[in-house]
Amino acid sequence: MSTAIEITGATLRHGARTIVDGLTLSIPAGEVLVVTGPSGCGKSTLLRAIAGLRPVDDGTIAVAGEAVTGTSRDRAMVFQDDALHPWRTVRKNILLALTLRGVPRSRRRAEADRWLGEIGLDDFADHLPRELSGGMRQRVQLARGLAGAPRAVLMDEPFGALDAQTRRSMQQLLIRTLTAHPATVVFVTHDIDEAVLLGDRIVVLGRAGEPVRAIVDVPEPRTSSSANDATRTAVAAALVSPTAAAVHPPAAQQKATA
Ligand SMILES: Nc1ncnc2c1ncn2[C@@H]1O[C@H](COP(=O)(O)OP(=O)(O)O)[C@@H](O)[C@H]1O
Ligand SMILES: [Mg+2]
């Protein structure tokens, strides 16, 4: 498998503060890489750097062999808060992605309608985003992101604002959609179940400035197989901060050293 995204010694800072310190990570084409970690650890910062929305302060991030220096249609971002064009209908939001991708005018409408079918929104083609529920808007964002046939889809807690049931149906929709339209995906979530369900591999970042805590493979990706249980346990363990444990040692340990 070719490498889609190559992160080499990438350091990301906010002012004087180092958030991501010398991260090296190779993401093969077609992989769904989940990035998780404690709140404020730099998940969004890393995703924005891959998208080219912010600079890399040290090291490099390359996509398909080219250093990222700014945004590109090759890398689609899907945010938690929907970023649809509010004045464009659902169909026109998707048509725009197809136009930017260079799909000939004669084929665009049919392709947009195929996407509307895939996300179950045929009946909402002519609606404006504000006339849809949050879950529906995320479906449109997903279709729009993938319709542009990007090299990478970068998703920042895309289902984080949805209720549990809608979230589950969005996870299934994402799985079906990626089966039909394989893409390299970097998916940020702080939900362990979502991470294990969606990822081929899960990276657990340390707190801001700290090293990566774990990189774990999912043995049977996108299934509910018990073969994935060990992965869930490993991710859960890595999410428990070693720093917090050092600052607040368990009572038994305190006694032992007292
Ligand atoms: N624009 C900014 N200016 C300064 N600090 C920021 C900015 N954005 C994020 N940070 C800080 O960088 C750290 C990582 O933020 P972020 O990447 O949003 O974390 P996460 O997505 O993992 O919750 C946090 O401590 C946050 O306060
Ligand atoms: Mg974030």
# chains A, B, ... in the order shown; residues from 1 in each chain; ligands from 1

call {"tool": "residues_around", "arguments": {"residues": "range 59-76 of chain A", "least_positions_apart": "4", "cutoff": "9 Å", "atoms": "only C-alpha atoms", "output": "JSON, numbers by chain"}}
result
{"A": [2, 3, 4, 5, 6, 7, 8, 9, 10, 11, 22, 23, 24, 29, 49, 50, 51, 52, 53, 54, 55, 97, 100, 101, 144, 145, 146, 148, 149, 150, 151, 152, 153, 154, 155]}

call {"tool": "residues_near_ligand", "arguments": {"ligand": "ligand 2", "cutoff": "8 Å", "atoms": "only C-alpha atoms and all ligand atoms", "output": "PyMOL selection string"}}
result
chain A and resi 39-40+42-45+156-157+188

call {"tool": "residues_around", "arguments": {"residues": "Thr231 in chain A", "least_positions_apart": "5", "cutoff": "9 Å", "atoms": "only C-alpha atoms", "output": "PyMOL selection string"}}
result
chain A and resi 196+202+216-219+236

call {"tool": "residues_around", "arguments": {"residues": "range 30-37 of chain A", "least_positions_apart": "6", "cutoff": "8 Å", "atoms": "only C-alpha atoms", "output": "list in words"}}
result
Ala4, Lys43, Pro182, Ala183, Thr184, Val185, Val186, Phe187, Val188, Thr189, His190, Asp191, Ala195, Leu198, Gly199, Asp200, Arg201, Ile202, Val203, Val204, Leu205, Gly206, Arg207 and Leu239 of chain A

call {"tool": "write_last_selection", "arguments": {"atoms": "N, CA and C atoms", "output": "PDB file, in the first residue's frame"}}
result
ATOM      1  N   ALA A   4      -0.057   7.530   2.105  1.00  0.00           N
ATOM      2  CA  ALA A   4      -0.857   8.708   1.753  1.00  0.00           C
ATOM      3  C   ALA A   4      -0.367   9.928   2.509  1.00  0.00           C
ATOM      4  N   LYS A  43      -5.340  17.244  19.252  1.00  0.00           N
ATOM      5  CA  LYS A  43      -5.951  16.481  18.156  1.00  0.00           C
ATOM      6  C   LYS A  43      -6.346  17.417  17.005  1.00  0.00           C
ATOM      7  N   PRO A 182     -13.556   4.084  -1.068  1.00  0.00           N
ATOM      8  CA  PRO A 182     -12.430   4.033  -0.131  1.00  0.00           C
ATOM      9  C   PRO A 182     -11.632   5.341  -0.149  1.00  0.00           C
ATOM     10  N   ALA A 183     -11.196   5.741   1.047  1.00  0.00           N
ATOM     11  CA  ALA A 183     -10.421   6.977   1.159  1.00  0.00           C
ATOM     12  C   ALA A 183      -9.486   6.831   2.348  1.00  0.00           C
ATOM     13  N   THR A 184      -8.450   7.618   2.350  1.00  0.00           N
ATOM     14  CA  THR A 184      -7.598   7.697   3.528  1.00  0.00           C
ATOM     15  C   THR A 184      -8.270   8.675   4.477  1.00  0.00           C
ATOM     16  N   VAL A 185      -8.475   8.234   5.712  1.00  0.00           N
ATOM     17  CA  VAL A 185      -9.227   9.068   6.646  1.00  0.00           C
ATOM     18  C   VAL A 185      -8.421   9.253   7.929  1.00  0.00           C
ATOM     19  N   VAL A 186      -8.347  10.479   8.405  1.00  0.00           N
ATOM     20  CA  VAL A 186      -7.854  10.716   9.764  1.00  0.00           C
ATOM     21  C   VAL A 186      -9.058  11.212  10.550  1.00  0.00           C
ATOM     22  N   PHE A 187      -9.436  10.426  11.542  1.00  0.00           N
ATOM     23  CA  PHE A 187     -10.694  10.655  12.247  1.00  0.00           C
ATOM     24  C   PHE A 187     -10.389  10.942  13.712  1.00  0.00           C
ATOM     25  N   VAL A 188     -10.729  12.134  14.171  1.00  0.00           N
ATOM     26  CA  VAL A 188     -10.489  12.511  15.569  1.00  0.00           C
ATOM     27  C   VAL A 188     -11.744  12.253  16.390  1.00  0.00           C
ATOM     28  N   THR A 189     -11.566  11.563  17.504  1.00  0.00           N
ATOM     29  CA  THR A 189     -12.682  11.378  18.429  1.00  0.00           C
ATOM     30  C   THR A 189     -12.119  11.179  19.824  1.00  0.00           C
ATOM     31  N   HIS A 190     -12.912  11.502  20.859  1.00  0.00           N
ATOM     32  CA  HIS A 190     -12.455  11.108  22.188  1.00  0.00           C
ATOM     33  C   HIS A 190     -13.333   9.984  22.732  1.00  0.00           C
ATOM     34  N   ASP A 191     -14.139   9.387  21.843  1.00  0.00           N
ATOM     35  CA  ASP A 191     -15.024   8.297  22.218  1.00  0.00           C
ATOM     36  C   ASP A 191     -14.346   6.959  21.884  1.00  0.00           C
ATOM     37  N   ALA A 195     -13.806   5.036  18.300  1.00  0.00           N
ATOM     38  CA  ALA A 195     -12.442   4.810  17.810  1.00  0.00           C
ATOM     39  C   ALA A 195     -12.264   3.360  17.374  1.00  0.00           C
ATOM     40  N   LEU A 198     -14.438   2.408  14.192  1.00  0.00           N
ATOM     41  CA  LEU A 198     -14.146   2.996  12.881  1.00  0.00           C
ATOM     42  C   LEU A 198     -12.712   2.794  12.401  1.00  0.00           C
ATOM     43  N   GLY A 199     -11.772   2.656  13.339  1.00  0.00           N
ATOM     44  CA  GLY A 199     -10.368   2.728  12.942  1.00  0.00           C
ATOM     45  C   GLY A 199      -9.776   1.417  12.452  1.00  0.00           C
ATOM     46  N   ASP A 200      -8.785   1.526  11.548  1.00  0.00           N
ATOM     47  CA  ASP A 200      -7.881   0.416  11.284  1.00  0.00           C
ATOM     48  C   ASP A 200      -6.764   0.447  12.329  1.00  0.00           C
ATOM     49  N   ARG A 201      -6.482   1.671  12.802  1.00  0.00           N
ATOM     50  CA  ARG A 201      -5.394   1.881  13.752  1.00  0.00           C
ATOM     51  C   ARG A 201      -5.778   3.094  14.602  1.00  0.00           C
ATOM     52  N   ILE A 202      -5.356   3.051  15.856  1.00  0.00           N
ATOM     53  CA  ILE A 202      -5.724   4.133  16.773  1.00  0.00           C
ATOM     54  C   ILE A 202      -4.452   4.706  17.393  1.00  0.00           C
ATOM     55  N   VAL A 203      -4.306   6.015  17.302  1.00  0.00           N
ATOM     56  CA  VAL A 203      -3.183   6.699  17.939  1.00  0.00           C
ATOM     57  C   VAL A 203      -3.718   7.426  19.155  1.00  0.00           C
ATOM     58  N   VAL A 204      -3.117   7.177  20.308  1.00  0.00           N
ATOM     59  CA  VAL A 204      -3.500   7.904  21.523  1.00  0.00           C
ATOM     60  C   VAL A 204      -2.415   8.944  21.795  1.00  0.00           C
ATOM     61  N   LEU A 205      -2.759  10.204  21.617  1.00  0.00           N
ATOM     62  CA  LEU A 205      -1.798  11.280  21.884  1.00  0.00           C
ATOM     63  C   LEU A 205      -1.667  11.479  23.381  1.00  0.00           C
ATOM     64  N   GLY A 206      -0.484  11.925  23.817  1.00  0.00           N
ATOM     65  CA  GLY A 206      -0.306  12.333  25.203  1.00  0.00           C
ATOM     66  C   GLY A 206      -0.824  13.745  25.388  1.00  0.00           C
ATOM     67  N   ARG A 207      -0.787  14.240  26.603  1.00  0.00           N
ATOM     68  CA  ARG A 207      -1.185  15.636  26.818  1.00  0.00           C
ATOM     69  C   ARG A 207      -0.296  16.555  25.991  1.00  0.00           C
ATOM     70  N   LEU A 239      -5.414   6.081  27.629  1.00  0.00           N
ATOM     71  CA  LEU A 239      -6.094   7.362  27.851  1.00  0.00           C
ATOM     72  C   LEU A 239      -5.973   7.821  29.308  1.00  0.00           C
TER      73      LEU A 239
END

call {"tool": "closest_residue", "arguments": {"among": "A:Ser26, A:Gln138, A:Gln80, A:Thr166", "to": "ligand 1", "atoms": "only C-alpha atoms and all ligand atoms"}}
result
A:Gln80

call {"tool": "closest_residue", "arguments": {"among": "A:Gly160, A:Gln165, A:Gln171, A:Leu142", "to": "ligand 1", "atoms": "only C-alpha atoms and all ligand atoms"}}
result
A:Gly160

call {"tool": "closest_residue", "arguments": {"among": "A:Phe79, A:Leu178, A:Ala208, A:Arg91", "to": "ligand 1", "atoms": "only C-alpha atoms and all ligand atoms"}}
result
A:Ala208

call {"tool": "select_by_dssp", "arguments": {"residues": "range 46-165 of chain A", "states": "alpha helix (DSSP H)", "output": "PyMOL selection string"}}
result
chain A and resi 46-51+90-101+105-118+134-147+164-165

call {"tool": "select_by_dssp", "arguments": {"residues": "range 78-176 of chain A", "states": "strand (DSSP E or B)", "output": "number ranges by chain"}}
result
A: 78, 152-156

call {"tool": "closest_residue", "arguments": {"among": "A:Arg88, A:Ala227, A:Gly209, A:Gly120", "to": "ligand 1", "atoms": "only C-alpha atoms and all ligand atoms"}}
result
A:Gly209

call {"tool": "closest_residue", "arguments": {"among": "A:Ile192, A:Val240, A:Leu46, A:Leu25", "to": "ligand 1", "atoms": "only C-alpha atoms and all ligand atoms"}}
result
A:Leu46
